[in-house]
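Next comes protein_17.pdb, a file with PDB, N, CA and C atoms.
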```pdb
ATOM      1  N   MET X  17      18.319  30.063  -6.401
ATOM      2  CA  MET X  17      17.824  29.178  -7.441
ATOM      3  C   MET X  17      18.748  29.254  -8.657
ATOM      4  N   TRP X  18      18.753  28.179  -9.413
ATOM      5  CA  TRP X  18      19.518  28.189 -10.654
ATOM      6  C   TRP X  18      18.847  29.123 -11.643
ATOM      7  N   GLU X  19      19.577  29.445 -12.681
ATOM      8  CA  GLU X  19      19.019  30.271 -13.739
ATOM      9  C   GLU X  19      17.798  29.561 -14.335
ATOM     10  N   ALA X  20      16.763  30.330 -14.601
ATOM     11  CA  ALA X  20      15.532  29.756 -15.151
ATOM     12  C   ALA X  20      15.792  29.178 -16.542
ATOM     13  N   ILE X  21      15.232  27.991 -16.784
ATOM     14  CA  ILE X  21      15.296  27.386 -18.109
ATOM     15  C   ILE X  21      13.902  26.869 -18.449
ATOM     16  N   PRO X  22      13.553  26.854 -19.727
ATOM     17  CA  PRO X  22      12.245  26.322 -20.115
ATOM     18  C   PRO X  22      12.109  24.852 -19.716
ATOM     19  N   ALA X  23      10.895  24.435 -19.417
ATOM     20  CA  ALA X  23      10.632  23.059 -18.978
ATOM     21  C   ALA X  23      11.173  22.035 -19.975
ATOM     22  N   ALA X  24      10.985  22.281 -21.261
ATOM     23  CA  ALA X  24      11.454  21.325 -22.274
ATOM     24  C   ALA X  24      12.974  21.167 -22.224
ATOM     25  N   ASP X  25      13.694  22.268 -21.978
ATOM     26  CA  ASP X  25      15.154  22.197 -21.875
ATOM     27  C   ASP X  25      15.582  21.431 -20.627
ATOM     28  N   PHE X  26      14.843  21.613 -19.525
ATOM     29  CA  PHE X  26      15.148  20.886 -18.296
ATOM     30  C   PHE X  26      14.955  19.383 -18.504
ATOM     31  N   VAL X  27      13.848  19.004 -19.137
ATOM     32  CA  VAL X  27      13.576  17.583 -19.398
ATOM     33  C   VAL X  27      14.658  17.001 -20.306
ATOM     34  N   GLN X  28      15.060  17.757 -21.325
ATOM     35  CA  GLN X  28      16.119  17.285 -22.222
ATOM     36  C   GLN X  28      17.426  17.086 -21.455
ATOM     37  N   MET X  29      17.771  18.025 -20.566
ATOM     38  CA  MET X  29      18.996  17.915 -19.776
ATOM     39  C   MET X  29      18.937  16.694 -18.857
ATOM     40  N   ALA X  30      17.838  16.535 -18.138
ATOM     41  CA  ALA X  30      17.711  15.424 -17.188
ATOM     42  C   ALA X  30      17.649  14.076 -17.896
ATOM     43  N   SER X  31      17.164  14.055 -19.135
ATOM     44  CA  SER X  31      17.020  12.811 -19.895
ATOM     45  C   SER X  31      18.286  12.417 -20.651
ATOM     46  N   ASN X  32      19.303  13.224 -20.585
ATOM     47  CA  ASN X  32      20.553  12.952 -21.273
ATOM     48  C   ASN X  32      21.124  11.607 -20.811
ATOM     49  N   PRO X  33      21.670  10.796 -21.730
ATOM     50  CA  PRO X  33      22.248   9.501 -21.346
ATOM     51  C   PRO X  33      23.395   9.603 -20.332
ATOM     52  N   HIS X  34      23.990  10.773 -20.200
ATOM     53  CA  HIS X  34      25.043  10.964 -19.200
ATOM     54  C   HIS X  34      24.469  11.436 -17.867
ATOM     55  N   PHE X  35      23.138  11.447 -17.772
ATOM     56  CA  PHE X  35      22.474  11.845 -16.527
ATOM     57  C   PHE X  35      21.373  10.817 -16.261
ATOM     58  N   LEU X  36      20.159  11.236 -15.997
ATOM     59  CA  LEU X  36      19.091  10.295 -15.634
ATOM     60  C   LEU X  36      18.545   9.501 -16.815
ATOM     61  N   GLY X  37      18.919   9.880 -18.033
ATOM     62  CA  GLY X  37      18.503   9.126 -19.209
ATOM     63  C   GLY X  37      19.305   7.852 -19.426
ATOM     64  N   ASN X  38      20.286   7.615 -18.594
ATOM     65  CA  ASN X  38      21.079   6.389 -18.673
ATOM     66  C   ASN X  38      20.229   5.239 -18.139
ATOM     67  N   THR X  39      19.919   4.272 -19.005
ATOM     68  CA  THR X  39      19.025   3.173 -18.615
ATOM     69  C   THR X  39      19.641   2.234 -17.584
ATOM     70  N   ARG X  40      20.928   2.381 -17.316
ATOM     71  CA  ARG X  40      21.585   1.544 -16.302
ATOM     72  C   ARG X  40      21.649   2.224 -14.931
ATOM     73  N   ILE X  41      21.089   3.406 -14.819
ATOM     74  CA  ILE X  41      21.083   4.121 -13.538
ATOM     75  C   ILE X  41      19.681   4.088 -12.946
ATOM     76  N   ARG X  42      19.612   3.765 -11.662
ATOM     77  CA  ARG X  42      18.354   3.792 -10.909
ATOM     78  C   ARG X  42      18.561   4.698  -9.698
ATOM     79  N   THR X  43      17.548   5.489  -9.393
ATOM     80  CA  THR X  43      17.626   6.377  -8.230
ATOM     81  C   THR X  43      16.385   6.206  -7.364
ATOM     82  N   GLN X  44      16.529   6.549  -6.116
ATOM     83  CA  GLN X  44      15.405   6.547  -5.181
ATOM     84  C   GLN X  44      15.570   7.785  -4.307
ATOM     85  N   HIS X  45      14.559   8.653  -4.325
ATOM     86  CA  HIS X  45      14.616   9.914  -3.591
ATOM     87  C   HIS X  45      13.744   9.836  -2.345
ATOM     88  N   PHE X  46      14.368  10.006  -1.204
ATOM     89  CA  PHE X  46      13.639  10.072   0.068
ATOM     90  C   PHE X  46      13.555  11.545   0.452
ATOM     91  N   ILE X  47      12.343  12.047   0.547
ATOM     92  CA  ILE X  47      12.120  13.461   0.843
ATOM     93  C   ILE X  47      11.509  13.570   2.223
ATOM     94  N   GLY X  48      12.239  14.211   3.126
ATOM     95  CA  GLY X  48      11.743  14.397   4.487
ATOM     96  C   GLY X  48      10.691  15.493   4.533
ATOM     97  N   GLY X  49      10.023  15.577   5.642
ATOM     98  CA  GLY X  49       9.054  16.655   5.825
ATOM     99  C   GLY X  49       9.721  17.998   5.631
ATOM    100  N   ALA X  50       8.942  18.963   5.243
ATOM    101  CA  ALA X  50       9.507  20.285   5.002
ATOM    102  C   ALA X  50      10.075  20.856   6.293
ATOM    103  N   LYS X  51      11.308  21.227   6.219
ATOM    104  CA  LYS X  51      11.953  21.874   7.352
ATOM    105  C   LYS X  51      11.344  23.264   7.546
ATOM    106  N   ARG X  52      11.021  23.882   6.400
ATOM    107  CA  ARG X  52      10.463  25.227   6.462
ATOM    108  C   ARG X  52       9.662  25.505   5.190
ATOM    109  N   TRP X  53       8.538  26.150   5.339
ATOM    110  CA  TRP X  53       7.724  26.628   4.223
ATOM    111  C   TRP X  53       7.666  28.146   4.309
ATOM    112  N   THR X  54       7.796  28.816   3.175
ATOM    113  CA  THR X  54       7.645  30.262   3.137
ATOM    114  C   THR X  54       6.642  30.593   2.047
ATOM    115  N   LYS X  55       5.556  31.232   2.441
ATOM    116  CA  LYS X  55       4.547  31.638   1.462
ATOM    117  C   LYS X  55       4.897  33.039   0.981
ATOM    118  N   ASN X  56       5.352  33.131  -0.259
ATOM    119  CA  ASN X  56       5.730  34.419  -0.829
ATOM    120  C   ASN X  56       4.534  35.187  -1.359
ATOM    121  N   SER X  57       3.512  34.452  -1.790
ATOM    122  CA  SER X  57       2.285  35.064  -2.311
ATOM    123  C   SER X  57       1.212  33.982  -2.335
ATOM    124  N   ASP X  58       0.032  34.326  -2.817
ATOM    125  CA  ASP X  58      -1.040  33.335  -2.924
ATOM    126  C   ASP X  58      -0.754  32.292  -4.002
ATOM    127  N   THR X  59       0.266  32.545  -4.826
ATOM    128  CA  THR X  59       0.580  31.613  -5.916
ATOM    129  C   THR X  59       2.016  31.096  -5.876
ATOM    130  N   GLU X  60       2.751  31.400  -4.803
ATOM    131  CA  GLU X  60       4.136  30.947  -4.743
ATOM    132  C   GLU X  60       4.536  30.583  -3.320
ATOM    133  N   ILE X  61       5.107  29.381  -3.179
ATOM    134  CA  ILE X  61       5.595  28.884  -1.890
ATOM    135  C   ILE X  61       6.990  28.307  -2.114
ATOM    136  N   VAL X  62       7.869  28.510  -1.142
ATOM    137  CA  VAL X  62       9.195  27.903  -1.172
ATOM    138  C   VAL X  62       9.277  26.923  -0.008
ATOM    139  N   GLY X  63       9.632  25.682  -0.306
ATOM    140  CA  GLY X  63       9.796  24.659   0.721
ATOM    141  C   GLY X  63      11.251  24.244   0.821
ATOM    142  N   VAL X  64      11.706  23.993   2.037
ATOM    143  CA  VAL X  64      13.063  23.501   2.263
ATOM    144  C   VAL X  64      12.920  22.084   2.811
ATOM    145  N   HIS X  65      13.443  21.099   2.067
ATOM    146  CA  HIS X  65      13.239  19.691   2.380
ATOM    147  C   HIS X  65      14.566  18.978   2.626
ATOM    148  N   GLN X  66      14.572  18.079   3.600
ATOM    149  CA  GLN X  66      15.719  17.199   3.805
ATOM    150  C   GLN X  66      15.647  16.097   2.753
ATOM    151  N   MET X  67      16.788  15.742   2.166
ATOM    152  CA  MET X  67      16.808  14.755   1.093
ATOM    153  C   MET X  67      17.883  13.688   1.339
ATOM    154  N   ARG X  68      17.555  12.476   0.923
ATOM    155  CA  ARG X  68      18.548  11.405   0.769
ATOM    156  C   ARG X  68      18.249  10.767  -0.575
ATOM    157  N   VAL X  69      19.236  10.749  -1.438
ATOM    158  CA  VAL X  69      19.025  10.231  -2.788
ATOM    159  C   VAL X  69      20.005   9.084  -3.026
ATOM    160  N   ALA X  70      19.452   7.891  -3.192
ATOM    161  CA  ALA X  70      20.257   6.695  -3.438
ATOM    162  C   ALA X  70      20.376   6.468  -4.943
ATOM    163  N   HIS X  71      21.576   6.112  -5.384
ATOM    164  CA  HIS X  71      21.844   5.849  -6.802
ATOM    165  C   HIS X  71      22.526   4.492  -6.941
ATOM    166  N   GLN X  72      22.154   3.779  -7.993
ATOM    167  CA  GLN X  72      22.877   2.568  -8.371
ATOM    168  C   GLN X  72      23.083   2.598  -9.876
ATOM    169  N   LYS X  73      24.287   2.228 -10.297
ATOM    170  CA  LYS X  73      24.604   2.108 -11.717
ATOM    171  C   LYS X  73      24.949   0.646 -11.964
ATOM    172  N   TYR X  74      24.278   0.063 -12.943
ATOM    173  CA  TYR X  74      24.424  -1.363 -13.218
ATOM    174  C   TYR X  74      25.415  -1.618 -14.348
ATOM    175  N   GLU X  75      25.990  -2.810 -14.351
ATOM    176  CA  GLU X  75      26.972  -3.208 -15.362
ATOM    177  C   GLU X  75      26.338  -3.541 -16.706
ATOM    178  N   ASP X  76      25.075  -3.958 -16.698
ATOM    179  CA  ASP X  76      24.446  -4.440 -17.926
ATOM    180  C   ASP X  76      23.014  -3.919 -18.035
ATOM    181  N   ASP X  77      22.468  -4.004 -19.252
ATOM    182  CA  ASP X  77      21.110  -3.516 -19.497
ATOM    183  C   ASP X  77      20.046  -4.324 -18.767
ATOM    184  N   GLY X  78      20.355  -5.556 -18.382
ATOM    185  CA  GLY X  78      19.407  -6.375 -17.632
ATOM    186  C   GLY X  78      19.342  -6.019 -16.153
ATOM    187  N   LEU X  79      20.202  -5.102 -15.730
ATOM    188  CA  LEU X  79      20.240  -4.629 -14.335
ATOM    189  C   LEU X  79      20.445  -5.787 -13.357
ATOM    190  N   THR X  80      21.343  -6.695 -13.726
ATOM    191  CA  THR X  80      21.554  -7.877 -12.884
ATOM    192  C   THR X  80      22.689  -7.719 -11.875
ATOM    193  N   ARG X  81      23.640  -6.808 -12.154
ATOM    194  CA  ARG X  81      24.771  -6.660 -11.235
ATOM    195  C   ARG X  81      25.106  -5.182 -11.052
ATOM    196  N   VAL X  82      25.178  -4.749  -9.805
ATOM    197  CA  VAL X  82      25.480  -3.351  -9.483
ATOM    198  C   VAL X  82      26.965  -3.088  -9.705
ATOM    199  N   ALA X  83      27.269  -2.073 -10.510
ATOM    200  CA  ALA X  83      28.655  -1.674 -10.753
ATOM    201  C   ALA X  83      29.102  -0.629  -9.736
ATOM    202  N   LEU X  84      28.236   0.333  -9.464
ATOM    203  CA  LEU X  84      28.548   1.421  -8.534
ATOM    204  C   LEU X  84      27.304   1.791  -7.745
ATOM    205  N   GLN X  85      27.526   2.252  -6.543
ATOM    206  CA  GLN X  85      26.431   2.869  -5.799
ATOM    207  C   GLN X  85      26.962   4.148  -5.178
ATOM    208  N   GLY X  86      26.092   5.123  -5.058
ATOM    209  CA  GLY X  86      26.474   6.388  -4.455
ATOM    210  C   GLY X  86      25.239   7.104  -3.956
ATOM    211  N   HIS X  87      25.318   7.619  -2.762
ATOM    212  CA  HIS X  87      24.160   8.266  -2.148
ATOM    213  C   HIS X  87      24.520   9.692  -1.765
ATOM    214  N   ALA X  88      23.565  10.597  -1.925
ATOM    215  CA  ALA X  88      23.769  12.003  -1.568
ATOM    216  C   ALA X  88      22.783  12.385  -0.474
ATOM    217  N   HIS X  89      23.242  13.223   0.439
ATOM    218  CA  HIS X  89      22.418  13.699   1.553
ATOM    219  C   HIS X  89      22.482  15.217   1.563
ATOM    220  N   GLY X  90      21.350  15.855   1.802
ATOM    221  CA  GLY X  90      21.382  17.306   1.870
ATOM    222  C   GLY X  90      20.012  17.928   1.969
ATOM    223  N   ILE X  91      19.933  19.117   1.425
ATOM    224  CA  ILE X  91      18.727  19.940   1.489
ATOM    225  C   ILE X  91      18.348  20.334   0.065
ATOM    226  N   ALA X  92      17.064  20.346  -0.229
ATOM    227  CA  ALA X  92      16.583  20.857  -1.512
ATOM    228  C   ALA X  92      15.618  22.003  -1.234
ATOM    229  N   THR X  93      15.905  23.143  -1.828
ATOM    230  CA  THR X  93      14.983  24.273  -1.772
ATOM    231  C   THR X  93      14.121  24.167  -3.022
ATOM    232  N   VAL X  94      12.812  24.012  -2.829
ATOM    233  CA  VAL X  94      11.897  23.764  -3.938
ATOM    234  C   VAL X  94      10.906  24.911  -4.054
ATOM    235  N   LEU X  95      10.764  25.424  -5.264
ATOM    236  CA  LEU X  95       9.799  26.479  -5.551
ATOM    237  C   LEU X  95       8.532  25.840  -6.108
ATOM    238  N   TYR X  96       7.398  26.186  -5.520
ATOM    239  CA  TYR X  96       6.092  25.710  -5.976
ATOM    240  C   TYR X  96       5.290  26.912  -6.456
ATOM    241  N   ARG X  97       4.583  26.747  -7.589
ATOM    242  CA  ARG X  97       3.717  27.811  -8.100
ATOM    243  C   ARG X  97       2.332  27.247  -8.370
ATOM    244  N   LYS X  98       1.338  28.060  -8.090
ATOM    245  CA  LYS X  98      -0.047  27.681  -8.357
ATOM    246  C   LYS X  98      -0.395  28.154  -9.764
ATOM    247  N   VAL X  99      -0.701  27.194 -10.640
ATOM    248  CA  VAL X  99      -1.020  27.481 -12.034
ATOM    249  C   VAL X  99      -2.415  26.942 -12.315
ATOM    250  N   ASP X 100      -3.319  27.819 -12.703
ATOM    251  CA  ASP X 100      -4.709  27.422 -12.970
ATOM    252  C   ASP X 100      -5.308  26.669 -11.791
ATOM    253  N   GLY X 101      -4.989  27.134 -10.575
ATOM    254  CA  GLY X 101      -5.560  26.550  -9.362
ATOM    255  C   GLY X 101      -4.872  25.291  -8.864
ATOM    256  N   ILE X 102      -3.805  24.857  -9.533
ATOM    257  CA  ILE X 102      -3.102  23.625  -9.153
ATOM    258  C   ILE X 102      -1.658  23.968  -8.789
ATOM    259  N   TRP X 103      -1.194  23.475  -7.613
ATOM    260  CA  TRP X 103       0.191  23.694  -7.207
ATOM    261  C   TRP X 103       1.103  22.802  -8.037
ATOM    262  N   LYS X 104       2.164  23.404  -8.597
ATOM    263  CA  LYS X 104       3.105  22.666  -9.432
ATOM    264  C   LYS X 104       4.532  22.958  -8.999
ATOM    265  N   TRP X 105       5.382  21.989  -9.256
ATOM    266  CA  TRP X 105       6.801  22.143  -8.995
ATOM    267  C   TRP X 105       7.356  23.112 -10.026
ATOM    268  N   ALA X 106       8.041  24.177  -9.569
ATOM    269  CA  ALA X 106       8.495  25.218 -10.488
ATOM    270  C   ALA X 106      10.008  25.423 -10.487
ATOM    271  N   GLY X 107      10.718  24.773  -9.595
ATOM    272  CA  GLY X 107      12.170  24.926  -9.572
ATOM    273  C   GLY X 107      12.779  24.236  -8.376
ATOM    274  N   ILE X 108      14.077  24.006  -8.457
ATOM    275  CA  ILE X 108      14.773  23.327  -7.362
ATOM    276  C   ILE X 108      16.213  23.831  -7.272
ATOM    277  N   GLU X 109      16.694  23.926  -6.051
ATOM    278  CA  GLU X 109      18.095  24.239  -5.796
ATOM    279  C   GLU X 109      18.626  23.201  -4.813
ATOM    280  N   PRO X 110      19.323  22.173  -5.318
ATOM    281  CA  PRO X 110      19.869  21.153  -4.420
ATOM    282  C   PRO X 110      21.124  21.662  -3.711
ATOM    283  N   ASN X 111      21.323  21.181  -2.511
ATOM    284  CA  ASN X 111      22.523  21.514  -1.739
ATOM    285  C   ASN X 111      22.985  20.219  -1.073
ATOM    286  N   ILE X 112      23.945  19.550  -1.703
ATOM    287  CA  ILE X 112      24.454  18.283  -1.177
ATOM    288  C   ILE X 112      25.421  18.586  -0.040
ATOM    289  N   ARG X 113      25.120  18.040   1.130
ATOM    290  CA  ARG X 113      25.973  18.265   2.302
ATOM    291  C   ARG X 113      27.085  17.223   2.382
ATOM    292  N   TRP X 114      26.760  15.966   2.049
ATOM    293  CA  TRP X 114      27.776  14.913   2.017
ATOM    294  C   TRP X 114      27.265  13.775   1.155
ATOM    295  N   SER X 115      28.198  12.925   0.727
ATOM    296  CA  SER X 115      27.825  11.779  -0.097
ATOM    297  C   SER X 115      28.538  10.539   0.424
ATOM    298  N   GLU X 116      28.024   9.388  -0.021
ATOM    299  CA  GLU X 116      28.589   8.101   0.380
ATOM    300  C   GLU X 116      28.987   7.307  -0.858
ATOM    301  N   PHE X 117      29.908   6.398  -0.664
ATOM    302  CA  PHE X 117      30.341   5.448  -1.685
ATOM    303  C   PHE X 117      30.897   6.191  -2.902
ATOM    304  N   ASP X 118      30.488   5.811  -4.104
ATOM    305  CA  ASP X 118      31.055   6.379  -5.331
ATOM    306  C   ASP X 118      30.095   7.342  -6.021
ATOM    307  N   TYR X 119      29.478   8.216  -5.260
ATOM    308  CA  TYR X 119      28.500   9.158  -5.818
ATOM    309  C   TYR X 119      29.093   9.966  -6.974
ATOM    310  N   ASP X 120      30.344  10.386  -6.841
ATOM    311  CA  ASP X 120      30.982  11.223  -7.859
ATOM    312  C   ASP X 120      31.225  10.487  -9.180
ATOM    313  N   LYS X 121      31.077   9.166  -9.205
ATOM    314  CA  LYS X 121      31.326   8.383 -10.420
ATOM    315  C   LYS X 121      30.044   7.912 -11.111
ATOM    316  N   ILE X 122      28.904   8.093 -10.475
ATOM    317  CA  ILE X 122      27.641   7.560 -11.010
ATOM    318  C   ILE X 122      27.334   8.102 -12.404
ATOM    319  N   PHE X 123      27.529   9.388 -12.633
ATOM    320  CA  PHE X 123      27.121  10.003 -13.902
ATOM    321  C   PHE X 123      28.285  10.200 -14.874
ATOM    322  N   GLN X 124      29.368   9.469 -14.669
ATOM    323  CA  GLN X 124      30.508   9.546 -15.606
ATOM    324  C   GLN X 124      30.286   8.619 -16.771
TER     325      GLN X 124
END
```
Can you dump the structure from the file as structure tokens?
Amino acid sequence: MWEAIPAADFVQMASNPHFLGNTRIRTQHFIGGAKRWTKNSDTEIVGVHQMRVAHQKYEDDGLTRVALQGHAHGIATVLYRKVDGIWKWAGIEPNIRWSEFDYDKIFQ
């Protein structure tokens, strides 16, 4: 897993205009069934999921013309924790196995 960061810092990072906060970027995450679940305790589970994540970056704010597209394929190791009786997403470690099109240019 990546180094732990507070939730507010994670949201700030993901919302950055050079990342998912860019209003011209759209993503779609396809999450396959869990390849494996490991119950570490009554309050912690680790799931390993197959992922395909499609990205499109548009030329304009009206999202009328696609400038770039790039897709990533791989595995995500996801940590789930039970907090006050409710299972919550507590962390993620993505592992991109391969990408298509201009994935490396989407967040530039």
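Proximity ranking of X:Arg97, X:Lys104, X:Arg42, X:Lys55 relative to X:Ala70 places X:Arg42 first, based on only N, CA and C atoms.
Between atom CA of X:Ile21 and atom CA of X:Glu109 the interatomic distance comes to 13.0 Å.
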Quiz item: If the PyMOL selection byres ((chain X and resi 119) around 8) is run on the structure shown, which residues does it catch, given as number ranges by chain?
Solution: X: 71, 84-88, 115-118, 120-124
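If you look at atom N of X:Leu95 and atom C of X:Pro110, they are 11.1 Å away from each other.
For chain X, a DSSP pass over the backbone yields alpha helix (DSSP H) at Ala23, Ala24, Asp25, Phe26, Val27, Gln28, Met29 and Ala30 of chain X.
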Could you save those same residues with N, CA and C atoms as a PDB file, in the coordinates of the input?
```pdb
ATOM      1  N   ALA X  23      10.895  24.435 -19.417  1.00  0.00           N
ATOM      2  CA  ALA X  23      10.632  23.059 -18.978  1.00  0.00           C
ATOM      3  C   ALA X  23      11.173  22.035 -19.975  1.00  0.00           C
ATOM      4  N   ALA X  24      10.985  22.281 -21.261  1.00  0.00           N
ATOM      5  CA  ALA X  24      11.454  21.325 -22.274  1.00  0.00           C
ATOM      6  C   ALA X  24      12.974  21.167 -22.224  1.00  0.00           C
ATOM      7  N   ASP X  25      13.694  22.268 -21.978  1.00  0.00           N
ATOM      8  CA  ASP X  25      15.154  22.197 -21.875  1.00  0.00           C
ATOM      9  C   ASP X  25      15.582  21.431 -20.627  1.00  0.00           C
ATOM     10  N   PHE X  26      14.843  21.613 -19.525  1.00  0.00           N
ATOM     11  CA  PHE X  26      15.148  20.886 -18.296  1.00  0.00           C
ATOM     12  C   PHE X  26      14.955  19.383 -18.504  1.00  0.00           C
ATOM     13  N   VAL X  27      13.848  19.004 -19.137  1.00  0.00           N
ATOM     14  CA  VAL X  27      13.576  17.583 -19.398  1.00  0.00           C
ATOM     15  C   VAL X  27      14.658  17.001 -20.306  1.00  0.00           C
ATOM     16  N   GLN X  28      15.060  17.757 -21.325  1.00  0.00           N
ATOM     17  CA  GLN X  28      16.119  17.285 -22.222  1.00  0.00           C
ATOM     18  C   GLN X  28      17.426  17.086 -21.455  1.00  0.00           C
ATOM     19  N   MET X  29      17.771  18.025 -20.566  1.00  0.00           N
ATOM     20  CA  MET X  29      18.996  17.915 -19.776  1.00  0.00           C
ATOM     21  C   MET X  29      18.937  16.694 -18.857  1.00  0.00           C
ATOM     22  N   ALA X  30      17.838  16.535 -18.138  1.00  0.00           N
ATOM     23  CA  ALA X  30      17.711  15.424 -17.188  1.00  0.00           C
ATOM     24  C   ALA X  30      17.649  14.076 -17.896  1.00  0.00           C
TER      25      ALA X  30
END
```
All residues 7 Å or closer to X:His45, only N, CA and C atoms, same chain fewer than 4 positions away omitted, as a PDB file with N, CA and C atoms, in the frame of the given file:
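Output below, filename out09.pdb:
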```pdb
ATOM      1  N   MET X  67      16.788  15.742   2.166  1.00  0.00           N
ATOM      2  CA  MET X  67      16.808  14.755   1.093  1.00  0.00           C
ATOM      3  C   MET X  67      17.883  13.688   1.339  1.00  0.00           C
ATOM      4  N   ARG X  68      17.555  12.476   0.923  1.00  0.00           N
ATOM      5  CA  ARG X  68      18.548  11.405   0.769  1.00  0.00           C
ATOM      6  C   ARG X  68      18.249  10.767  -0.575  1.00  0.00           C
ATOM      7  N   VAL X  69      19.236  10.749  -1.438  1.00  0.00           N
ATOM      8  CA  VAL X  69      19.025  10.231  -2.788  1.00  0.00           C
ATOM      9  C   VAL X  69      20.005   9.084  -3.026  1.00  0.00           C
ATOM     10  N   ALA X  70      19.452   7.891  -3.192  1.00  0.00           N
ATOM     11  CA  ALA X  70      20.257   6.695  -3.438  1.00  0.00           C
ATOM     12  C   ALA X  70      20.376   6.468  -4.943  1.00  0.00           C
TER      13      ALA X  70
END
```
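Between atom CA of X:Ile41 and atom C of X:Asp25 lies a distance of 19.5 Å.
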Quiz item: Can you list every residue in chain X that DSSP puts in strand (DSSP E), as a PyMOL selection string?
Solution: chain X and resi 41-57+60-74+82-99+102-117
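Nearest residue to X:His65 among X:Ala83, X:Ile91, X:Val99, X:Ile108 is X:Ile91, counting all atoms listed in the file.
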Quiz prompt | Spatial neighbours of X:Gly78, 8 Å, all atoms listed in the file, chain gap at least 4 places, as a PyMOL selection string | solution = chain X and resi 39-40+74
Practice problem: Check which residues satisfy the PyMOL selection byres ((chain X and resi 113) around 5) in the file shown, then give them as a VMD selection string. | Solution: chain X and resid 89 to 90 111 to 112 114 to 115
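With only C-alpha atoms as the atoms that count, the residue of X:Arg81, X:Lys73, X:Lys98, X:Lys51 with the shortest distance to X:Gly37 is X:Lys73.
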